[in-house]
Each structure stands twice: as C-alpha cells, then as structure tokens.
Amino acid sequence: MCLHVFYELAVRHTVRKPIVQMIRKNERIPFDVSGMRTVYYDIHDVRFIEQTKKELMGHIQNVEKTPENAESPISAVLNFEVLKSSDNPETRSIAGILSEIAEIKSLLLDVQTRVSPFGVRFSSGRPPVPPPDKLEGIP
C-alpha cells in the first residue's frame with residue numbers, strides 16, 4: 001500500500017470520517033489497521049466478485065446509516081481513554097480487561113507472523129485450522 005493512501009487513511013481516522021477498507025484476497029493487512037473490518041476482493045474470480053459486491057454494499061449502507069460510529073484506531077484509543085478515566089471502578093476494570101485483550105491480540109498476531117507456515121491470517125479472530133496434509137512434519 002502506498003504512503004499516499006496511508007496518509008489519506010490517517011486523515012480520515014483523525015477527523016473520524018467513515019472508510020471502507022479493501023484489500024486484495026491473500027494480501028496482508030498492515031498491523032495497525034488489521035483489526036478493522038475489511039472487504040477482500042479478487043478480480044479474477046467471478047463468484048468472489050459477486051460476494052465482494054454484496055459485502056461492500058452492506059458495509060457502505062452501514063456507514064451511511066450511522067456515520068458517527070466510524071471506527072478507527074484513533075476512535076478506539078479515545079473511547080478507551082474515556083473508559084480508563086471513568087469515576088466508576090467497574091468501567092475502569094473493563095478498560096483494564098480491554099487493555100489486556102489488546103495486548104494478547106497483539107502478541108498472537110506477532111506469533112502468527114513469525115511462525116505461521118500456512119500463510120493464513122487470523123482475520124476471523126480465530127486461529128487458522130490447517131488442512132490435515134499440512135500437519136505432516138510440524139512438531
């Protein structure tokens with residue numbers, strides 16, 4: 001992804017404007033935006049194109065209904081800071097739990113990047129399940 005695109009993305013994140021994040025199927029999403037909803041596309045697979053169109057339309061309709069709910073790494077940090085500085089101890093506890101979950105997710109992504117022999121990302125939030133033929137020779 002070129003720097004120009006990242007700059008535009010950062011500007012939209014900063015002003016809390018909605019985006020539709022798209023990437024080619026089988027490409028890696030940069031770590032700093034990997035947690036965001038992403039529409040995958042493949043221009044060489046007609047069935048995948050139709051699926052992508054539907055997913056894209058659903059994403060656009062959702063953004064149009066509630067543009068104020070635009071999620072970004074910046075809005076997530078701001079929301080987290082509100083939780084963390086709350087007068088309510090339960091709310092502060094939730095902030096602590098969310099912080100630990102984010103740290104665990106970051107560590108898992110790091111481990112995945114270093115050791116995944118399958119070339120599969122945890123985009124679903126679940127570890128990849130390798131096909132049985134890929135398990136041979138893996139300790």
# chains A, B, ... in the order shown; residues from 1 in each chain; ligands from 1
$ residues_around --residues "Tyr40 in chain A" --least-positions-apart "2" --cutoff "7 Å" --atoms "only C-alpha atoms" --output "PyMOL selection string"
chain A and resi 22-25+38+52
$ write_last_selection --atoms "N, CA and C atoms" --output "mmCIF file, in the first residue's frame"
data_model
loop_
_atom_site.group_PDB
_atom_site.id
_atom_site.type_symbol
_atom_site.label_atom_id
_atom_site.label_comp_id
_atom_site.auth_asym_id
_atom_site.auth_seq_id
_atom_site.Cartn_x
_atom_site.Cartn_y
_atom_site.Cartn_z
ATOM 1 N N MET A 22 -10.490 -1.917 1.915
ATOM 2 C CA MET A 22 -10.486 -3.041 0.975
ATOM 3 C C MET A 22 -9.049 -3.485 0.724
ATOM 4 N N ILE A 23 -8.905 -4.779 0.448
ATOM 5 C CA ILE A 23 -7.591 -5.323 0.117
ATOM 6 C C ILE A 23 -7.776 -6.541 -0.768
ATOM 7 N N ARG A 24 -6.799 -6.783 -1.636
ATOM 8 C CA ARG A 24 -6.852 -7.972 -2.481
ATOM 9 C C ARG A 24 -6.797 -9.229 -1.634
ATOM 10 N N LYS A 25 -7.561 -10.218 -2.044
ATOM 11 C CA LYS A 25 -7.560 -11.516 -1.371
ATOM 12 C C LYS A 25 -6.118 -12.034 -1.316
ATOM 13 N N THR A 38 -12.693 -5.367 7.015
ATOM 14 C CA THR A 38 -12.043 -5.279 5.717
ATOM 15 C C THR A 38 -12.825 -6.071 4.683
ATOM 16 N N THR A 52 -18.031 -10.006 -3.006
ATOM 17 C CA THR A 52 -17.407 -8.745 -2.622
ATOM 18 C C THR A 52 -18.371 -7.576 -2.815
#
$ residues_around --residues "Val39 in chain A" --least-positions-apart "3" --cutoff "12 Å" --atoms "only C-alpha atoms" --output "PyMOL selection string"
chain A and resi 19-27+29+34+36+42+48-49+51-60+123
$ residues_around --residues "Ala10 in chain A" --least-positions-apart "4" --cutoff "10 Å" --atoms "only C-alpha atoms" --output "PyMOL selection string"
chain A and resi 4-6+14-16+72-74
$ closest_residue --among "A:Arg114, A:Arg92, A:Arg37, A:Lys17" --to "Glu68 in chain A" --atoms "only C-alpha atoms"
A:Lys17
$ atom_distance --atom1 "CA of Pro18 in chain A" --atom2 "CA of Ile94 in chain A"
26.0 Å
